[in-house]
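Below you'll find the structure, written out as C-alpha coordinates, and then a few comments.
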Amino acid sequence: MKRVYVNEEWCLGCHLCEYYCAFANSGIKDMVKALKDVQINPRLRIEEAPGVSFAVSCRHCDEPLCVKGCITGSLHIENGVITFDKEKCVGCYTCILSCPYGAIMPSETGAVQKCELCLKNSFGTPACVKGCPNQAIVFEER
(Lines give C-alpha, C1' and ligand atoms only; values in the text may rest on other atoms or scores of the structure.)
Protein backbone atom coordinates (compact mmCIF):
# COMPACT_ATOMS: atom_id res chain seq x y z
CA MET A 1 0.00 0.00 0.00
CA LYS A 2 1.20 3.49 -0.79
CA ARG A 3 1.87 5.72 2.19
CA VAL A 4 3.26 9.17 2.87
CA TYR A 5 6.93 9.14 3.80
CA VAL A 6 9.15 12.04 4.80
CA ASN A 7 12.76 12.52 3.76
CA GLU A 8 13.72 14.84 6.61
CA GLU A 9 17.10 15.64 5.08
CA TRP A 10 15.26 17.38 2.21
CA CYS A 11 12.64 19.19 4.31
CA LEU A 12 13.09 22.96 4.21
CA GLY A 13 10.63 23.63 7.04
CA CYS A 14 8.63 25.90 4.72
CA HIS A 15 5.24 24.66 6.03
CA LEU A 16 3.75 24.59 2.51
CA CYS A 17 2.55 21.04 3.12
CA GLU A 18 0.43 22.35 6.01
CA TYR A 19 -1.15 24.98 3.77
CA TYR A 20 -1.86 22.53 0.96
CA CYS A 21 -3.38 20.10 3.47
CA ALA A 22 -5.59 22.79 4.99
CA PHE A 23 -6.71 23.91 1.54
CA ALA A 24 -7.43 20.35 0.36
CA ASN A 25 -9.63 19.74 3.38
CA SER A 26 -11.38 23.13 3.38
CA GLY A 27 -14.00 22.24 0.78
CA ILE A 28 -13.37 25.57 -0.97
CA LYS A 29 -12.14 25.60 -4.58
CA ASP A 30 -10.14 28.84 -4.36
CA MET A 31 -6.98 28.65 -2.23
CA VAL A 32 -6.97 32.38 -1.48
CA LYS A 33 -10.58 32.35 -0.28
CA ALA A 34 -9.94 29.20 1.76
CA LEU A 35 -6.81 30.37 3.58
CA LYS A 36 -6.62 34.18 3.57
CA ASP A 37 -6.89 35.62 7.08
CA VAL A 38 -7.66 32.16 8.48
CA GLN A 39 -5.69 30.23 11.06
CA ILE A 40 -5.09 26.94 9.27
CA ASN A 41 -5.82 23.59 10.87
CA PRO A 42 -3.93 21.02 8.76
CA ARG A 43 -4.02 17.27 9.25
CA LEU A 44 -0.25 17.11 9.39
CA ARG A 45 2.26 19.41 11.02
CA ILE A 46 5.90 20.33 10.72
CA GLU A 47 8.09 19.56 13.71
CA GLU A 48 11.31 21.52 13.94
CA ALA A 49 14.45 21.05 15.98
CA PRO A 50 17.91 22.55 15.52
CA GLY A 51 19.19 21.30 12.17
CA VAL A 52 16.17 19.17 11.25
CA SER A 53 12.53 19.63 10.30
CA PHE A 54 10.00 17.07 9.12
CA ALA A 55 6.29 16.55 8.57
CA VAL A 56 4.33 14.42 11.02
CA SER A 57 1.25 12.71 9.61
CA CYS A 58 -0.67 9.49 10.08
CA ARG A 59 1.40 6.43 9.26
CA HIS A 60 -1.64 4.22 8.64
CA CYS A 61 -0.19 1.50 10.86
CA ASP A 62 -0.83 -2.17 10.16
CA GLU A 63 -2.01 -2.61 13.75
CA PRO A 64 -3.21 0.88 14.72
CA LEU A 65 -3.57 1.58 18.43
CA CYS A 66 -5.88 4.50 17.65
CA VAL A 67 -8.43 2.19 15.99
CA LYS A 68 -8.20 -0.30 18.86
CA GLY A 69 -8.72 2.48 21.39
CA CYS A 70 -11.63 4.17 19.61
CA ILE A 71 -14.68 3.53 21.79
CA THR A 72 -17.27 4.43 19.13
CA GLY A 73 -15.73 2.87 16.03
CA SER A 74 -15.34 6.24 14.32
CA LEU A 75 -11.77 5.29 13.41
CA HIS A 76 -11.65 2.27 11.15
CA ILE A 77 -9.53 0.76 8.39
CA GLU A 78 -10.66 0.91 4.76
CA ASN A 79 -8.32 -0.70 2.23
CA GLY A 80 -5.34 -0.16 4.52
CA VAL A 81 -6.14 3.50 5.18
CA ILE A 82 -7.25 4.58 8.63
CA THR A 83 -10.33 6.72 8.07
CA PHE A 84 -12.44 8.79 10.40
CA ASP A 85 -16.23 9.09 10.67
CA LYS A 86 -16.92 12.47 12.25
CA GLU A 87 -20.56 11.60 12.96
CA LYS A 88 -19.63 8.74 15.31
CA CYS A 89 -16.93 10.58 17.25
CA VAL A 90 -17.79 11.70 20.79
CA GLY A 91 -14.57 13.65 21.29
CA CYS A 92 -13.11 11.45 24.03
CA TYR A 93 -9.60 11.88 22.54
CA THR A 94 -8.58 8.30 23.36
CA CYS A 95 -7.17 8.05 19.84
CA ILE A 96 -5.00 11.13 20.41
CA LEU A 97 -3.59 9.57 23.57
CA SER A 98 -2.98 6.19 21.96
CA CYS A 99 -1.26 7.33 18.74
CA PRO A 100 2.48 6.87 19.29
CA TYR A 101 3.30 9.38 16.53
CA GLY A 102 1.10 12.29 17.60
CA ALA A 103 -0.62 12.20 14.22
CA ILE A 104 -4.20 12.64 15.46
CA MET A 105 -5.17 16.14 16.53
CA PRO A 106 -8.22 17.93 17.88
CA SER A 107 -10.17 19.73 15.17
CA GLU A 108 -12.05 22.99 15.26
CA THR A 109 -15.34 21.10 15.52
CA GLY A 110 -14.51 19.39 18.81
CA ALA A 111 -13.92 16.01 17.21
CA VAL A 112 -10.53 14.89 15.95
CA GLN A 113 -8.81 15.06 12.60
CA LYS A 114 -6.13 13.02 10.90
CA CYS A 115 -4.61 12.43 7.51
CA GLU A 116 -6.72 10.22 5.26
CA LEU A 117 -4.35 10.46 2.29
CA CYS A 118 -6.76 12.89 0.60
CA LEU A 119 -9.03 9.96 -0.34
CA LYS A 120 -12.18 11.95 0.47
CA ASN A 121 -10.91 14.87 -1.60
CA SER A 122 -10.43 12.86 -4.82
CA PHE A 123 -6.92 14.19 -5.40
CA GLY A 124 -5.32 10.81 -6.04
CA THR A 125 -2.04 11.98 -4.56
CA PRO A 126 -2.12 13.67 -1.14
CA ALA A 127 -2.08 17.46 -1.39
CA CYS A 128 0.94 17.74 0.94
CA VAL A 129 2.97 15.61 -1.48
CA LYS A 130 1.90 17.64 -4.52
CA GLY A 131 2.68 20.91 -2.76
CA CYS A 132 6.12 20.05 -1.38
CA PRO A 133 8.64 22.11 -3.39
CA ASN A 134 11.60 19.89 -2.50
CA GLN A 135 9.98 16.43 -2.73
CA ALA A 136 10.69 15.91 0.96
CA ILE A 137 7.25 14.32 1.27
CA VAL A 138 6.61 11.37 -1.04
CA PHE A 139 3.68 9.01 -1.64
CA GLU A 140 5.05 5.59 -2.46
CA GLU A 141 5.11 1.94 -1.57
CA ARG A 142 8.11 0.74 0.43
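How things are named: the first chain in the C-alpha coordinates is A, the next is B, and so on; residues count from 1 in each chain; ligands count from 1 in the order shown.
All residues of protein, DNA or RNA that reach within 8 Å of Arg45 of chain A, judged by only C-alpha atoms and not counting those fewer than 2 positions away in the chain, are His15, Glu18, Pro42, Arg43, Glu47, Ala55, Val56 and Ser57 of chain A.
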Prev. selection, N, CA and C atoms, output as a PDB file, in the first residue's frame:
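out13.pdb, freshly written:
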```pdb
ATOM      1  N   HIS A  15       6.638  24.811   5.595  1.00  0.00           N
ATOM      2  CA  HIS A  15       5.243  24.664   6.028  1.00  0.00           C
ATOM      3  C   HIS A  15       4.242  24.679   4.873  1.00  0.00           C
ATOM      4  N   GLU A  18       1.533  22.031   5.092  1.00  0.00           N
ATOM      5  CA  GLU A  18       0.430  22.349   6.006  1.00  0.00           C
ATOM      6  C   GLU A  18      -0.632  23.175   5.290  1.00  0.00           C
ATOM      7  N   PRO A  42      -4.261  22.146   9.642  1.00  0.00           N
ATOM      8  CA  PRO A  42      -3.933  21.020   8.761  1.00  0.00           C
ATOM      9  C   PRO A  42      -3.968  19.682   9.483  1.00  0.00           C
ATOM     10  N   ARG A  43      -3.991  18.620   8.705  1.00  0.00           N
ATOM     11  CA  ARG A  43      -4.021  17.267   9.254  1.00  0.00           C
ATOM     12  C   ARG A  43      -2.631  16.662   9.366  1.00  0.00           C
ATOM     13  N   GLU A  47       7.353  19.524  12.444  1.00  0.00           N
ATOM     14  CA  GLU A  47       8.095  19.561  13.705  1.00  0.00           C
ATOM     15  C   GLU A  47       9.491  20.060  13.372  1.00  0.00           C
ATOM     16  N   ALA A  55       7.745  16.581   8.456  1.00  0.00           N
ATOM     17  CA  ALA A  55       6.291  16.548   8.567  1.00  0.00           C
ATOM     18  C   ALA A  55       5.863  15.321   9.356  1.00  0.00           C
ATOM     19  N   VAL A  56       4.903  15.517  10.257  1.00  0.00           N
ATOM     20  CA  VAL A  56       4.327  14.416  11.024  1.00  0.00           C
ATOM     21  C   VAL A  56       2.902  14.222  10.532  1.00  0.00           C
ATOM     22  N   SER A  57       2.610  13.038  10.034  1.00  0.00           N
ATOM     23  CA  SER A  57       1.251  12.713   9.607  1.00  0.00           C
ATOM     24  C   SER A  57       0.966  11.259   9.939  1.00  0.00           C
TER      25      SER A  57
END
```
*asked:* Write out as a PyMOL selection string the set of residues from segment 51-102 of chain A that DSSP, computed on the backbone, places in alpha helix (DSSP H).
replied: chain A and resi 65-69+94-98
_I want to know what sits within 12 Å of Pro126 of chain A, based on only C-alpha atoms, with residues of the same chain fewer than 3 positions away left out; could you give that as number ranges by chain?_
A: 2-5, 17-18, 20-25, 43-44, 57, 115-123, 129-132, 137-140
*Of the candidates A:Ile96, A:Cys14, A:Val6, A:Met1, which one gets nearest to Lys114 of chain A if we count only C-alpha atoms?*
A:Ile96
*Of the candidates A:Ser107, A:Ser98, A:Thr72, A:Cys89, which one gets nearest to Ile40 of chain A if we count only C-alpha atoms?*
A:Ser107
*Which residues, written as a PyMOL selection string, have at least one atom at most 9 Å from Ser53 of chain A, with only C-alpha atoms counted and residues fewer than 6 positions away on the same chain left out?*
chain A and resi 8-13+46-47
*List the neighbours of Ile77 of chain A out to 12 Å using only C-alpha atoms; skip same-chain residues closer than 3 positions along the sequence, and give me the result as a list in words.*
His60, Cys61, Asp62, Glu63, Pro64, Leu65, Cys66, Val67, Lys68, Cys70, Gly73, Ser74, Gly80, Val81, Ile82, Thr83, Phe84, Asp85 and Glu116 of chain A
Could you write those residues out with N, CA and C atoms, as a PDB file, in the first residue's frame?
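After the write, out_9.pdb holds the following:
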```pdb
ATOM      1  N   HIS A  60      -0.731   5.286   9.063  1.00  0.00           N
ATOM      2  CA  HIS A  60      -1.637   4.220   8.642  1.00  0.00           C
ATOM      3  C   HIS A  60      -1.049   2.858   9.001  1.00  0.00           C
ATOM      4  N   CYS A  61      -0.836   2.693  10.302  1.00  0.00           N
ATOM      5  CA  CYS A  61      -0.195   1.500  10.861  1.00  0.00           C
ATOM      6  C   CYS A  61      -0.944   0.213  10.490  1.00  0.00           C
ATOM      7  N   ASP A  62      -0.218  -0.876  10.412  1.00  0.00           N
ATOM      8  CA  ASP A  62      -0.829  -2.174  10.155  1.00  0.00           C
ATOM      9  C   ASP A  62      -1.690  -2.620  11.338  1.00  0.00           C
ATOM     10  N   GLU A  63      -1.242  -2.313  12.548  1.00  0.00           N
ATOM     11  CA  GLU A  63      -2.011  -2.615  13.755  1.00  0.00           C
ATOM     12  C   GLU A  63      -2.175  -1.320  14.557  1.00  0.00           C
ATOM     13  N   PRO A  64      -3.103  -0.457  14.131  1.00  0.00           N
ATOM     14  CA  PRO A  64      -3.214   0.875  14.724  1.00  0.00           C
ATOM     15  C   PRO A  64      -3.824   0.882  16.128  1.00  0.00           C
ATOM     16  N   LEU A  65      -3.084   1.455  17.061  1.00  0.00           N
ATOM     17  CA  LEU A  65      -3.567   1.584  18.428  1.00  0.00           C
ATOM     18  C   LEU A  65      -4.749   2.542  18.511  1.00  0.00           C
ATOM     19  N   CYS A  66      -4.781   3.535  17.620  1.00  0.00           N
ATOM     20  CA  CYS A  66      -5.883   4.499  17.647  1.00  0.00           C
ATOM     21  C   CYS A  66      -7.211   3.823  17.320  1.00  0.00           C
ATOM     22  N   VAL A  67      -7.201   2.918  16.368  1.00  0.00           N
ATOM     23  CA  VAL A  67      -8.425   2.191  15.995  1.00  0.00           C
ATOM     24  C   VAL A  67      -8.851   1.269  17.132  1.00  0.00           C
ATOM     25  N   LYS A  68      -7.890   0.591  17.736  1.00  0.00           N
ATOM     26  CA  LYS A  68      -8.202  -0.304  18.859  1.00  0.00           C
ATOM     27  C   LYS A  68      -8.759   0.462  20.043  1.00  0.00           C
ATOM     28  N   CYS A  70     -10.452   3.362  19.920  1.00  0.00           N
ATOM     29  CA  CYS A  70     -11.631   4.172  19.610  1.00  0.00           C
ATOM     30  C   CYS A  70     -12.891   3.501  20.159  1.00  0.00           C
ATOM     31  N   GLY A  73     -15.929   3.428  17.369  1.00  0.00           N
ATOM     32  CA  GLY A  73     -15.726   2.869  16.029  1.00  0.00           C
ATOM     33  C   GLY A  73     -15.643   3.931  14.950  1.00  0.00           C
ATOM     34  N   SER A  74     -15.433   5.180  15.335  1.00  0.00           N
ATOM     35  CA  SER A  74     -15.337   6.236  14.318  1.00  0.00           C
ATOM     36  C   SER A  74     -14.033   6.141  13.538  1.00  0.00           C
ATOM     37  N   GLY A  80      -6.637  -0.493   3.966  1.00  0.00           N
ATOM     38  CA  GLY A  80      -5.338  -0.164   4.518  1.00  0.00           C
ATOM     39  C   GLY A  80      -5.183   1.269   5.000  1.00  0.00           C
ATOM     40  N   VAL A  81      -6.192   2.102   4.766  1.00  0.00           N
ATOM     41  CA  VAL A  81      -6.141   3.504   5.177  1.00  0.00           C
ATOM     42  C   VAL A  81      -7.020   3.689   6.409  1.00  0.00           C
ATOM     43  N   ILE A  82      -6.471   4.314   7.428  1.00  0.00           N
ATOM     44  CA  ILE A  82      -7.255   4.583   8.633  1.00  0.00           C
ATOM     45  C   ILE A  82      -8.101   5.820   8.358  1.00  0.00           C
ATOM     46  N   THR A  83      -9.410   5.622   8.360  1.00  0.00           N
ATOM     47  CA  THR A  83     -10.333   6.722   8.065  1.00  0.00           C
ATOM     48  C   THR A  83     -11.118   7.086   9.315  1.00  0.00           C
ATOM     49  N   PHE A  84     -11.773   8.228   9.245  1.00  0.00           N
ATOM     50  CA  PHE A  84     -12.441   8.794  10.396  1.00  0.00           C
ATOM     51  C   PHE A  84     -13.876   9.183  10.038  1.00  0.00           C
ATOM     52  N   ASP A  85     -14.824   8.734  10.846  1.00  0.00           N
ATOM     53  CA  ASP A  85     -16.231   9.092  10.674  1.00  0.00           C
ATOM     54  C   ASP A  85     -16.595  10.113  11.746  1.00  0.00           C
ATOM     55  N   GLU A 116      -6.057  11.353   5.909  1.00  0.00           N
ATOM     56  CA  GLU A 116      -6.718  10.218   5.263  1.00  0.00           C
ATOM     57  C   GLU A 116      -6.226  10.067   3.827  1.00  0.00           C
TER      58      GLU A 116
END
```
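Between atom CA of Ala49 of chain A and atom CA of Leu97 of chain A lies a distance of 22.7 Å.
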